[in-house]
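Q: Contents of input_17.cif (mmCIF, C-alpha atoms):
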data_input
#
loop_
_atom_site.label_atom_id
_atom_site.label_comp_id
_atom_site.auth_asym_id
_atom_site.auth_seq_id
_atom_site.Cartn_x
_atom_site.Cartn_y
_atom_site.Cartn_z
CA MET A 1 -0.51 -11.07 28.82
CA ARG A 2 -4.10 -12.17 28.23
CA ASN A 3 -4.73 -15.31 26.21
CA VAL A 4 -6.27 -14.75 22.78
CA THR A 5 -7.43 -16.86 19.86
CA LEU A 6 -7.10 -16.04 16.18
CA LEU A 7 -10.08 -17.70 14.51
CA LEU A 8 -10.08 -17.94 10.71
CA GLU A 9 -13.29 -18.11 8.71
CA ASP A 10 -12.66 -21.78 7.85
CA GLY A 11 -12.65 -22.62 11.57
CA THR A 12 -8.86 -22.91 11.98
CA ALA A 13 -7.78 -21.54 15.37
CA PHE A 14 -4.40 -20.27 16.59
CA HIS A 15 -3.74 -19.49 20.26
CA GLY A 16 -1.45 -16.76 21.58
CA GLN A 17 -1.18 -13.81 23.94
CA SER A 18 -2.05 -10.15 23.63
CA PHE A 19 0.73 -7.54 23.75
CA GLY A 20 -1.08 -4.58 22.16
CA TYR A 21 -4.37 -2.83 22.80
CA GLU A 22 -6.89 -5.20 24.31
CA LYS A 23 -9.98 -5.32 22.13
CA PRO A 24 -11.46 -8.02 19.88
CA VAL A 25 -11.17 -7.18 16.16
CA ALA A 26 -11.97 -8.70 12.79
CA GLY A 27 -10.46 -8.23 9.35
CA GLU A 28 -8.88 -9.85 6.33
CA VAL A 29 -5.84 -11.87 7.42
CA VAL A 30 -2.82 -11.33 5.15
CA PHE A 31 0.87 -12.20 5.51
CA ASN A 32 4.01 -10.14 4.91
CA THR A 33 7.36 -11.91 4.50
CA ALA A 34 9.57 -8.83 5.05
CA MET A 35 12.27 -9.09 7.73
CA MET A 36 11.87 -5.49 8.90
CA GLY A 37 9.82 -2.33 8.42
CA TYR A 38 6.88 -2.83 10.78
CA PRO A 39 6.54 0.93 11.58
CA GLU A 40 6.25 1.71 7.86
CA SER A 41 3.94 -1.23 7.13
CA LEU A 42 1.59 -0.54 10.04
CA THR A 43 1.19 3.08 8.90
CA ASP A 44 0.73 2.15 5.23
CA PRO A 45 -2.93 2.97 4.42
CA SER A 46 -3.00 -0.02 2.05
CA TYR A 47 -3.35 -2.26 5.14
CA ALA A 48 -6.69 -0.70 6.15
CA GLY A 49 -9.17 -3.41 7.05
CA GLN A 50 -6.46 -6.09 7.29
CA MET A 51 -4.76 -8.00 10.09
CA MET A 52 -1.06 -8.18 9.26
CA VAL A 53 0.81 -11.44 9.85
CA LEU A 54 4.62 -11.11 9.91
CA THR A 55 6.41 -14.31 8.95
CA TYR A 56 9.78 -13.09 10.28
CA PRO A 57 9.77 -14.55 13.81
CA LEU A 58 11.35 -11.78 15.90
CA VAL A 59 9.40 -8.51 15.97
CA GLY A 60 9.74 -5.43 18.14
CA ASN A 61 13.46 -5.66 18.87
CA TYR A 62 14.24 -2.23 17.38
CA GLY A 63 11.25 -0.42 18.86
CA VAL A 64 9.40 2.45 17.18
CA PRO A 65 10.82 5.79 15.93
CA PRO A 66 9.38 9.15 17.06
CA PHE A 67 6.20 10.38 15.40
CA SER A 68 7.78 13.70 14.44
CA ILE A 69 6.29 15.97 11.76
CA GLU A 70 8.35 17.91 9.20
CA GLN A 71 7.67 21.53 8.22
CA ASN A 72 5.77 20.32 5.16
CA GLY A 73 3.33 18.45 7.41
CA ILE A 74 4.65 14.97 6.55
CA ALA A 75 5.73 12.52 9.26
CA THR A 76 9.50 12.03 9.30
CA PHE A 77 9.57 8.26 9.77
CA MET A 78 5.99 7.03 9.30
CA GLU A 79 4.00 6.51 6.10
CA SER A 80 0.80 8.22 7.26
CA GLU A 81 -0.72 9.94 10.27
CA LYS A 82 -1.66 6.75 12.16
CA ILE A 83 -1.66 2.94 12.19
CA HIS A 84 -4.09 1.66 9.54
CA ALA A 85 -3.77 -2.11 10.01
CA GLU A 86 -6.50 -3.66 12.16
CA ALA A 87 -3.96 -5.74 14.11
CA ILE A 88 -0.47 -7.22 13.96
CA ILE A 89 0.18 -10.94 14.46
CA VAL A 90 3.71 -12.16 15.28
CA SER A 91 5.53 -15.26 16.44
CA ASP A 92 7.86 -13.77 19.05
CA TYR A 93 7.40 -10.24 20.36
CA SER A 94 10.54 -8.77 21.89
CA THR A 95 9.72 -6.86 25.07
CA ALA A 96 13.22 -5.33 25.07
CA TYR A 97 14.20 -3.02 22.22
CA SER A 98 17.37 -1.23 21.20
CA HIS A 99 17.88 1.26 18.35
CA TRP A 100 19.42 4.73 18.07
CA ASN A 101 16.15 6.17 16.79
CA ALA A 102 13.69 4.28 19.00
CA LYS A 103 11.45 6.34 21.28
CA GLU A 104 9.01 3.69 22.49
CA SER A 105 8.22 0.00 22.28
CA LEU A 106 5.95 -1.52 19.67
CA ALA A 107 3.56 -2.57 22.44
CA ASP A 108 3.30 0.96 23.85
CA TRP A 109 2.68 2.37 20.36
CA LEU A 110 -0.06 -0.18 19.64
CA LYS A 111 -1.75 0.56 22.96
CA ARG A 112 -1.59 4.32 22.37
CA GLU A 113 -3.17 3.92 18.93
CA GLN A 114 -5.65 1.29 20.18
CA VAL A 115 -4.47 -1.45 17.82
CA PRO A 116 -4.29 -5.11 18.98
CA GLY A 117 -1.12 -7.14 18.74
CA ILE A 118 -0.82 -10.87 19.43
CA THR A 119 2.28 -13.00 19.90
CA GLY A 120 3.00 -16.70 20.39
CA ILE A 121 1.41 -17.60 17.05
CA ASP A 122 3.10 -20.05 14.69
CA THR A 123 3.12 -17.52 11.86
CA ARG A 124 4.91 -19.86 9.44
CA HIS A 125 2.11 -22.42 9.83
CA LEU A 126 -0.52 -19.69 9.61
CA THR A 127 1.08 -18.49 6.37
CA LYS A 128 0.95 -22.01 4.93
CA VAL A 129 -2.77 -22.12 5.71
CA LEU A 130 -3.31 -18.78 3.95
CA ARG A 131 -1.24 -19.86 0.95
CA GLU A 132 -3.25 -23.06 0.57
CA HIS A 133 -6.70 -21.57 1.13
CA GLY A 134 -6.08 -17.96 0.09
CA VAL A 135 -6.62 -14.87 2.21
CA MET A 136 -9.44 -15.26 4.72
CA MET A 137 -11.39 -13.15 7.14
CA GLY A 138 -10.37 -13.70 10.75
CA LYS A 139 -11.17 -12.63 14.30
CA ILE A 140 -9.03 -11.97 17.35
CA LEU A 141 -10.99 -13.16 20.38
CA PHE A 142 -10.07 -12.79 24.05
CA ASP A 143 -10.42 -16.14 25.78
CA ASP A 144 -11.86 -14.58 28.94
CA GLU A 145 -14.53 -12.72 26.92
CA PRO A 146 -16.10 -15.55 24.90
CA ASP A 147 -19.26 -13.58 24.14
CA ASN A 148 -17.47 -10.49 22.77
CA ILE A 149 -17.30 -11.48 19.09
CA PRO A 150 -16.38 -8.79 16.52
CA SER A 151 -17.53 -8.73 12.91
CA ALA A 152 -16.14 -7.09 9.77
CA GLN A 153 -16.46 -7.12 5.99
CA TYR A 154 -13.68 -6.60 3.46
CA GLU A 155 -15.07 -7.54 0.04
CA GLY A 156 -16.88 -4.66 -1.60
CA VAL A 157 -15.98 -2.08 1.06
CA ASN A 158 -14.57 1.18 -0.33
CA TYR A 159 -11.50 1.46 1.88
CA ILE A 160 -10.04 4.04 -0.51
CA ALA A 161 -12.73 6.51 0.58
CA LYS A 162 -11.93 5.76 4.23
CA VAL A 163 -8.21 6.61 4.01
CA SER A 164 -8.06 9.32 1.32
CA CYS A 165 -7.62 12.98 2.28
CA LYS A 166 -10.85 14.98 2.51
CA GLU A 167 -9.62 18.21 0.95
CA VAL A 168 -6.94 19.47 -1.43
CA ILE A 169 -3.47 19.70 0.19
CA ARG A 170 -0.48 21.40 -1.44
CA TYR A 171 3.20 20.63 -0.84
CA GLY A 172 6.23 22.56 -2.11
CA GLU A 173 4.19 25.42 -3.56
CA GLY A 174 6.01 27.31 -6.28
CA GLN A 175 9.10 25.10 -6.36
CA GLY A 176 8.62 23.64 -9.84
CA LYS A 177 6.27 21.81 -12.18
CA LYS A 178 2.85 20.98 -10.69
CA VAL A 179 1.84 17.36 -10.17
CA VAL A 180 -1.70 16.36 -9.19
CA LEU A 181 -1.56 13.34 -6.88
CA VAL A 182 -4.79 11.37 -6.59
CA ASP A 183 -4.80 10.18 -2.97
CA CYS A 184 -6.19 6.65 -2.76
CA GLY A 185 -4.23 6.06 0.45
CA VAL A 186 -0.86 7.52 -0.46
CA LYS A 187 2.30 6.62 1.45
CA ASN A 188 4.32 9.59 2.67
CA ASN A 189 7.45 8.45 0.89
CA ILE A 190 5.77 8.87 -2.49
CA ILE A 191 5.24 12.53 -1.62
CA ARG A 192 8.82 12.77 -0.28
CA CYS A 193 10.21 11.28 -3.51
CA LEU A 194 8.31 13.80 -5.64
CA LEU A 195 9.25 16.79 -3.48
CA LYS A 196 12.89 15.70 -3.50
CA ARG A 197 12.80 16.02 -7.28
CA GLY A 198 11.70 19.65 -7.13
CA VAL A 199 8.02 19.50 -8.07
CA GLU A 200 4.94 20.99 -6.45
CA VAL A 201 2.47 18.32 -5.31
CA ILE A 202 -1.29 18.97 -5.33
CA ARG A 203 -2.83 16.14 -3.31
CA VAL A 204 -6.53 15.64 -4.05
CA PRO A 205 -9.18 13.27 -2.63
CA TRP A 206 -9.75 10.00 -4.48
CA ASP A 207 -13.03 11.16 -6.10
CA TYR A 208 -11.99 14.77 -6.82
CA ASP A 209 -12.33 15.92 -10.44
CA PHE A 210 -8.79 17.22 -10.90
CA ASN A 211 -9.32 17.92 -14.60
CA GLU A 212 -10.31 21.51 -13.86
CA LEU A 213 -6.96 22.24 -12.17
CA GLU A 214 -3.81 23.55 -13.82
CA PHE A 215 -1.04 20.95 -13.62
CA ASP A 216 1.85 19.47 -15.59
CA GLY A 217 1.51 15.80 -14.71
CA LEU A 218 -0.82 13.29 -13.05
CA PHE A 219 0.23 10.84 -10.33
CA LEU A 220 -2.01 7.97 -9.15
CA ALA A 221 -1.14 6.77 -5.65
CA ASN A 222 -1.41 3.47 -3.83
CA GLY A 223 -4.32 2.50 -1.59
CA PRO A 224 -6.26 -0.33 0.07
CA GLY A 225 -9.03 -2.66 -0.97
CA ASP A 226 -10.84 -3.46 -4.18
CA PRO A 227 -10.15 -1.12 -7.14
CA ASP A 228 -13.62 -1.86 -8.49
CA THR A 229 -15.04 0.28 -5.66
CA ALA A 230 -13.19 3.39 -6.91
CA ILE A 231 -15.66 4.18 -9.70
CA ASP A 232 -15.37 7.97 -9.46
CA ALA A 233 -11.57 7.88 -9.55
CA VAL A 234 -11.62 5.74 -12.69
CA LYS A 235 -14.08 8.14 -14.37
CA ASN A 236 -11.83 11.13 -13.67
CA ILE A 237 -8.71 9.30 -14.90
CA LYS A 238 -10.50 8.21 -18.09
CA LYS A 239 -11.65 11.80 -18.60
CA PHE A 240 -8.00 12.91 -18.37
CA LEU A 241 -6.75 10.23 -20.79
CA ASP A 242 -9.45 10.93 -23.37
CA ALA A 243 -8.90 14.70 -23.23
CA GLU A 244 -5.11 14.39 -23.51
CA LYS A 245 -5.37 12.27 -26.64
CA GLU A 246 -6.89 15.27 -28.40
CA LYS A 247 -3.92 17.52 -27.55
CA GLY A 248 -0.64 18.02 -29.34
CA LYS A 249 1.54 17.84 -26.20
CA VAL A 250 0.27 15.13 -23.89
CA ARG A 251 0.81 15.48 -20.13
CA PRO A 252 2.49 12.49 -18.43
CA CYS A 253 0.84 10.14 -15.95
CA MET A 254 2.39 7.68 -13.49
CA GLY A 255 0.71 5.22 -11.12
CA ILE A 256 1.87 3.06 -8.22
CA CYS A 257 0.13 -0.06 -6.85
CA MET A 258 -3.58 0.89 -6.70
CA GLY A 259 -2.64 3.57 -9.24
CA ASN A 260 -1.55 0.82 -11.65
CA GLN A 261 -4.93 -0.88 -11.31
CA LEU A 262 -6.96 2.33 -11.66
CA LEU A 263 -4.98 3.40 -14.73
CA ALA A 264 -5.58 -0.03 -16.26
CA LYS A 265 -9.31 0.17 -15.50
CA ALA A 266 -9.50 3.66 -17.03
CA ALA A 267 -7.81 2.25 -20.14
CA GLY A 268 -10.43 -0.52 -20.33
CA ALA A 269 -8.71 -3.51 -18.68
CA THR A 270 -10.10 -5.67 -15.88
CA ILE A 271 -8.77 -6.54 -12.41
CA TYR A 272 -8.80 -9.81 -10.48
CA LYS A 273 -8.02 -10.77 -6.89
CA LEU A 274 -4.84 -12.73 -6.21
CA LYS A 275 -5.08 -15.85 -4.07
CA TYR A 276 -2.95 -14.42 -1.28
CA GLY A 277 -1.41 -11.27 -2.73
CA HIS A 278 2.15 -9.94 -2.77
CA ARG A 279 3.37 -8.43 0.51
CA SER A 280 7.13 -8.51 0.93
CA HIS A 281 10.44 -6.82 0.15
CA ASN A 282 11.78 -9.45 -2.22
CA GLN A 283 9.37 -9.73 -5.15
CA PRO A 284 11.38 -10.13 -8.41
CA VAL A 285 10.03 -8.28 -11.45
CA GLN A 286 11.30 -8.13 -15.02
CA GLN A 287 10.95 -5.19 -17.36
CA VAL A 288 9.11 -6.58 -20.38
CA GLY A 289 11.20 -6.78 -23.53
CA THR A 290 14.50 -6.53 -21.65
CA LYS A 291 16.71 -8.63 -19.39
CA ARG A 292 16.49 -6.03 -16.62
CA CYS A 293 15.26 -7.53 -13.34
CA PHE A 294 14.61 -5.79 -10.03
CA ILE A 295 13.89 -6.76 -6.44
CA THR A 296 10.86 -4.81 -5.25
CA SER A 297 8.75 -3.96 -2.23
CA GLN A 298 5.08 -4.86 -2.69
CA ASN A 299 1.77 -4.72 -0.87
CA HIS A 300 -1.32 -5.59 -2.89
CA GLY A 301 -4.05 -8.20 -3.16
CA TYR A 302 -5.34 -7.44 -6.68
CA ALA A 303 -3.71 -7.50 -10.11
CA VAL A 304 -4.31 -6.28 -13.65
CA ASP A 305 -5.36 -8.92 -16.19
CA SER A 306 -2.79 -8.20 -18.92
CA LYS A 307 -4.85 -10.11 -21.48
CA THR A 308 -7.60 -7.48 -21.24
CA LEU A 309 -5.36 -4.48 -22.00
CA PRO A 310 -6.44 -2.57 -25.14
CA SER A 311 -4.16 -2.71 -28.19
CA ASP A 312 -2.57 0.68 -27.43
CA TRP A 313 -1.47 -0.46 -23.95
CA GLU A 314 1.09 -3.11 -23.01
CA PRO A 315 2.63 -4.70 -19.89
CA LEU A 316 5.69 -2.82 -18.60
CA PHE A 317 6.77 -5.21 -15.82
CA VAL A 318 5.93 -8.82 -14.99
CA ASN A 319 6.27 -10.74 -11.72
CA MET A 320 8.92 -13.45 -12.10
CA ASN A 321 7.32 -15.70 -9.47
CA ASP A 322 3.77 -16.04 -10.77
CA GLY A 323 3.76 -14.14 -14.08
CA SER A 324 1.21 -11.56 -12.89
CA ASN A 325 1.20 -8.00 -14.15
CA GLU A 326 3.55 -5.55 -12.39
CA GLY A 327 2.98 -2.43 -14.49
CA ILE A 328 1.61 -1.09 -17.77
CA ARG A 329 2.44 1.62 -20.29
CA HIS A 330 0.82 3.30 -23.27
CA THR A 331 2.46 2.48 -26.58
CA LYS A 332 2.43 6.13 -27.73
CA HIS A 333 1.80 8.53 -24.84
CA PRO A 334 3.89 9.12 -21.65
CA TRP A 335 1.62 7.11 -19.35
CA PHE A 336 3.02 4.26 -17.27
CA SER A 337 2.64 2.58 -13.89
CA ALA A 338 4.15 0.05 -11.49
CA GLN A 339 2.32 -2.44 -9.32
CA PHE A 340 5.25 -2.51 -6.90
CA HIS A 341 6.50 0.33 -4.66
CA PRO A 342 9.54 2.13 -6.15
CA GLU A 343 9.53 4.48 -3.14
CA ALA A 344 10.03 1.42 -0.85
CA ALA A 345 9.74 2.62 2.80
CA SER A 346 10.44 0.02 3.72
CA GLY A 347 12.29 -2.22 1.29
CA PRO A 348 14.76 -1.98 -1.61
CA VAL A 349 15.11 1.24 -3.60
CA ASP A 350 16.23 -0.43 -6.84
CA THR A 351 13.38 1.11 -8.86
CA GLU A 352 13.28 4.67 -7.48
CA PHE A 353 14.53 5.76 -10.92
CA LEU A 354 10.89 5.59 -12.06
CA PHE A 355 10.29 8.88 -10.26
CA ASP A 356 13.17 10.38 -12.26
CA ASP A 357 11.62 9.06 -15.46
CA PHE A 358 8.29 10.65 -14.57
CA VAL A 359 9.72 14.05 -13.58
CA LYS A 360 11.81 14.22 -16.79
CA LEU A 361 8.58 13.90 -18.77
CA LEU A 362 6.97 16.95 -17.13
#
Before we go any further, please render this structure as structure tokens.

A:
Amino acid sequence: MRNVTLLLEDGTAFHGQSFGYEKPVAGEVVFNTAMMGYPESLTDPSYAGQMMVLTYPLVGNYGVPPFSIEQNGIATFMESEKIHAEAIIVSDYSTAYSHWNAKESLADWLKREQVPGITGIDTRHLTKVLREHGVMMGKILFDDEPDNIPSAQYEGVNYIAKVSCKEVIRYGEGQGKKVVLVDCGVKNNIIRCLLKRGVEVIRVPWDYDFNELEFDGLFLANGPGDPDTAIDAVKNIKKFLDAEKEKGKVRPCMGICMGNQLLAKAAGATIYKLKYGHRSHNQPVQQVGTKRCFITSQNHGYAVDSKTLPSDWEPLFVNMNDGSNEGIRHTKHPWFSAQFHPEAASGPVDTEFLFDDFVKLL
């Protein structure tokens, strides 16, 4: 293993060894406190442009599942077609793995997809630094290549455009009501959850004007980066909301994660960046106006400012740790969203009922 240094933008340095693909990289350094799920997290497009720090110390011990593709074109076990994270940073990489569904090691997978991985880092201490300072840009440097210094930018970059599909894709044609899914970096399990409930999914690029299509409901998917860069998506969503208000029977709309933020922006609210985001499997949320609480899977760095919601919109869920917004809903029309991931993959499935709620509205 070659010696590497993780250098944060404030000058803090952490020293470890490379176990993945050997190339210097740069990106926004974020931490995830989940105990498992690295295949799903690495292939989650929401991690585009970011170096993922796992606080759970032992990583790699159950290997990586096969990258098999179903008849519908969706990967069986992964959340997209490739690894989207810039790198993975762990405390203790397990060179030996054992799992009934494992086909290769994490190291072999990273090398095949040309993604760096570093081990031997005190990830608990690194997480404390990020919690105190907030997320920072960082660089992985190889100690024997001191002059090979990468550069990257995260703020203001439209990562949604980078990860969204480039053309319209249809799933489950003719099997039921039609749902337009705006792909801002959708996870496969969102599509799986919709197909499982017997609907046809029309997946469109993030900036596609879907208003000319025939459909029964609108779904706004998750995605990476700053929602303020998705201007075209917000325009199309606002166009949908304004047109529906003029109709007698209003078509439903549901959003997840980035979809929550884009729906809020289309309604007229503003977004702000969290100090270090929510990336874990154990974020507690409460349904506003009830005593119902749920443990949720989350992966986001921005949040809706609930105070800026128009009078005909209201918070639907709230984070019980920091009080930030976890979802919104319209007071009259069947439009709602969740900042967390009810489809999990990985994480708890406590809130998968939200897909049932959406499909019943179609």

Q: Around the point (-11.1, 7.0, -6.3) (coordinates from the file), which residues reach within 9 Å if we count all atoms listed in the file? Answer as a PyMOL selection string.

A: chain A and resi 160-161+164+182-184+205-208+227+229-236+262

Q: Which residue out of A:Ser280, A:Asn32, A:Thr119, A:Gln71 has the minimum interatomic distance to A:Met1 when only C-alpha atoms are used?

A: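 Distance minimum relative to A:Met1 lands on A:Thr119.
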
Q: In the coordinate frame of the file, compute which residues have an atom within 7 Å of (-2.3, -6.8, -2.0) when using all atoms listed in the file, and state them as a VMD selection string.

A: chain A and resid 277 to 279 299 to 302

Q: Rank A:Ala102, A:Ala152, A:Ile140, A:Ile256 by their smallest atom-to-atom distance to A:Phe67, using all atoms listed in the file, and report the top residue only.

A: A:Ala102

Q: Counting only C-alpha atoms, which of A:Leu110, A:Met51, A:Leu362, A:Ile190 gets nearest to A:Gly176?

A: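 Residue with the minimum atom-to-atom distance to A:Gly176: A:Leu362.
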
Q: Since the input has fewer atoms than a full residue there, write stretch 341-351 of chain A out with all heavy atoms, as a PDB file, keeping the file's coordinate frame.

A:
ATOM      1  N   HIS A 341       6.270  -0.961  -5.301  1.00  0.00           N
ATOM      2  CA  HIS A 341       6.500   0.330  -4.660  1.00  0.00           C
ATOM      3  C   HIS A 341       7.941   0.797  -4.894  1.00  0.00           C
ATOM      4  O   HIS A 341       8.844   0.434  -4.150  1.00  0.00           O
ATOM      5  CB  HIS A 341       6.224   0.248  -3.160  1.00  0.00           C
ATOM      6  CG  HIS A 341       4.773   0.240  -2.830  1.00  0.00           C
ATOM      7  ND1 HIS A 341       4.062   1.394  -2.581  1.00  0.00           N
ATOM      8  CD2 HIS A 341       3.888  -0.782  -2.736  1.00  0.00           C
ATOM      9  CE1 HIS A 341       2.802   1.091  -2.332  1.00  0.00           C
ATOM     10  NE2 HIS A 341       2.666  -0.224  -2.427  1.00  0.00           N
ATOM     11  N   PRO A 342       8.184   1.631  -5.916  1.00  0.00           N
ATOM     12  CA  PRO A 342       9.540   2.130  -6.150  1.00  0.00           C
ATOM     13  C   PRO A 342      10.042   3.048  -5.041  1.00  0.00           C
ATOM     14  O   PRO A 342      11.247   3.244  -4.901  1.00  0.00           O
ATOM     15  CB  PRO A 342       9.424   2.878  -7.483  1.00  0.00           C
ATOM     16  CG  PRO A 342       7.982   3.188  -7.631  1.00  0.00           C
ATOM     17  CD  PRO A 342       7.254   2.075  -6.960  1.00  0.00           C
ATOM     18  N   GLU A 343       9.117   3.615  -4.259  1.00  0.00           N
ATOM     19  CA  GLU A 343       9.530   4.480  -3.140  1.00  0.00           C
ATOM     20  C   GLU A 343       9.930   3.662  -1.914  1.00  0.00           C
ATOM     21  O   GLU A 343      10.442   4.213  -0.935  1.00  0.00           O
ATOM     22  CB  GLU A 343       8.396   5.443  -2.774  1.00  0.00           C
ATOM     23  CG  GLU A 343       7.332   4.896  -1.838  1.00  0.00           C
ATOM     24  CD  GLU A 343       6.388   3.896  -2.486  1.00  0.00           C
ATOM     25  OE1 GLU A 343       6.452   3.713  -3.727  1.00  0.00           O
ATOM     26  OE2 GLU A 343       5.575   3.293  -1.763  1.00  0.00           O
ATOM     27  N   ALA A 344       9.681   2.338  -1.952  1.00  0.00           N
ATOM     28  CA  ALA A 344      10.030   1.420  -0.850  1.00  0.00           C
ATOM     29  C   ALA A 344       9.395   1.888   0.461  1.00  0.00           C
ATOM     30  O   ALA A 344       8.185   1.996   0.548  1.00  0.00           O
ATOM     31  CB  ALA A 344      11.541   1.298  -0.713  1.00  0.00           C
ATOM     32  N   ALA A 345      10.216   2.149   1.483  1.00  0.00           N
ATOM     33  CA  ALA A 345       9.740   2.620   2.800  1.00  0.00           C
ATOM     34  C   ALA A 345       8.712   1.673   3.405  1.00  0.00           C
ATOM     35  O   ALA A 345       7.556   2.020   3.547  1.00  0.00           O
ATOM     36  CB  ALA A 345       9.169   4.029   2.695  1.00  0.00           C
ATOM     37  N   SER A 346       9.050   0.472   3.750  1.00  0.00           N
ATOM     38  CA  SER A 346      10.440   0.020   3.720  1.00  0.00           C
ATOM     39  C   SER A 346      10.679  -0.933   2.540  1.00  0.00           C
ATOM     40  O   SER A 346       9.741  -1.290   1.853  1.00  0.00           O
ATOM     41  CB  SER A 346      10.754  -0.707   5.030  1.00  0.00           C
ATOM     42  OG  SER A 346       9.828  -1.775   5.233  1.00  0.00           O
ATOM     43  N   GLY A 347      11.957  -1.315   2.368  1.00  0.00           N
ATOM     44  CA  GLY A 347      12.290  -2.220   1.290  1.00  0.00           C
ATOM     45  C   GLY A 347      13.371  -1.674   0.384  1.00  0.00           C
ATOM     46  O   GLY A 347      13.931  -0.605   0.632  1.00  0.00           O
ATOM     47  N   PRO A 348      13.683  -2.381  -0.705  1.00  0.00           N
ATOM     48  CA  PRO A 348      14.760  -1.980  -1.610  1.00  0.00           C
ATOM     49  C   PRO A 348      14.365  -0.771  -2.456  1.00  0.00           C
ATOM     50  O   PRO A 348      13.192  -0.581  -2.778  1.00  0.00           O
ATOM     51  CB  PRO A 348      14.952  -3.220  -2.497  1.00  0.00           C
ATOM     52  CG  PRO A 348      13.611  -3.904  -2.473  1.00  0.00           C
ATOM     53  CD  PRO A 348      13.061  -3.657  -1.100  1.00  0.00           C
ATOM     54  N   VAL A 349      15.354   0.037  -2.810  1.00  0.00           N
ATOM     55  CA  VAL A 349      15.110   1.240  -3.600  1.00  0.00           C
ATOM     56  C   VAL A 349      15.620   1.082  -5.032  1.00  0.00           C
ATOM     57  O   VAL A 349      15.911   2.071  -5.704  1.00  0.00           O
ATOM     58  CB  VAL A 349      15.741   2.482  -2.922  1.00  0.00           C
ATOM     59  CG1 VAL A 349      15.060   2.782  -1.607  1.00  0.00           C
ATOM     60  CG2 VAL A 349      17.244   2.268  -2.707  1.00  0.00           C
ATOM     61  N   ASP A 350      15.700  -0.140  -5.505  1.00  0.00           N
ATOM     62  CA  ASP A 350      16.230  -0.430  -6.840  1.00  0.00           C
ATOM     63  C   ASP A 350      15.480   0.299  -7.955  1.00  0.00           C
ATOM     64  O   ASP A 350      16.055   0.595  -9.008  1.00  0.00           O
ATOM     65  CB  ASP A 350      16.140  -1.941  -7.136  1.00  0.00           C
ATOM     66  CG  ASP A 350      16.879  -2.794  -6.128  1.00  0.00           C
ATOM     67  OD1 ASP A 350      16.935  -2.396  -4.961  1.00  0.00           O
ATOM     68  OD2 ASP A 350      17.388  -3.861  -6.515  1.00  0.00           O
ATOM     69  N   THR A 351      14.192   0.560  -7.763  1.00  0.00           N
ATOM     70  CA  THR A 351      13.380   1.110  -8.860  1.00  0.00           C
ATOM     71  C   THR A 351      12.951   2.553  -8.620  1.00  0.00           C
ATOM     72  O   THR A 351      12.040   3.047  -9.292  1.00  0.00           O
ATOM     73  CB  THR A 351      12.119   0.240  -9.060  1.00  0.00           C
ATOM     74  OG1 THR A 351      11.414   0.130  -7.807  1.00  0.00           O
ATOM     75  CG2 THR A 351      12.490  -1.143  -9.561  1.00  0.00           C
TER      76      THR A 351
END
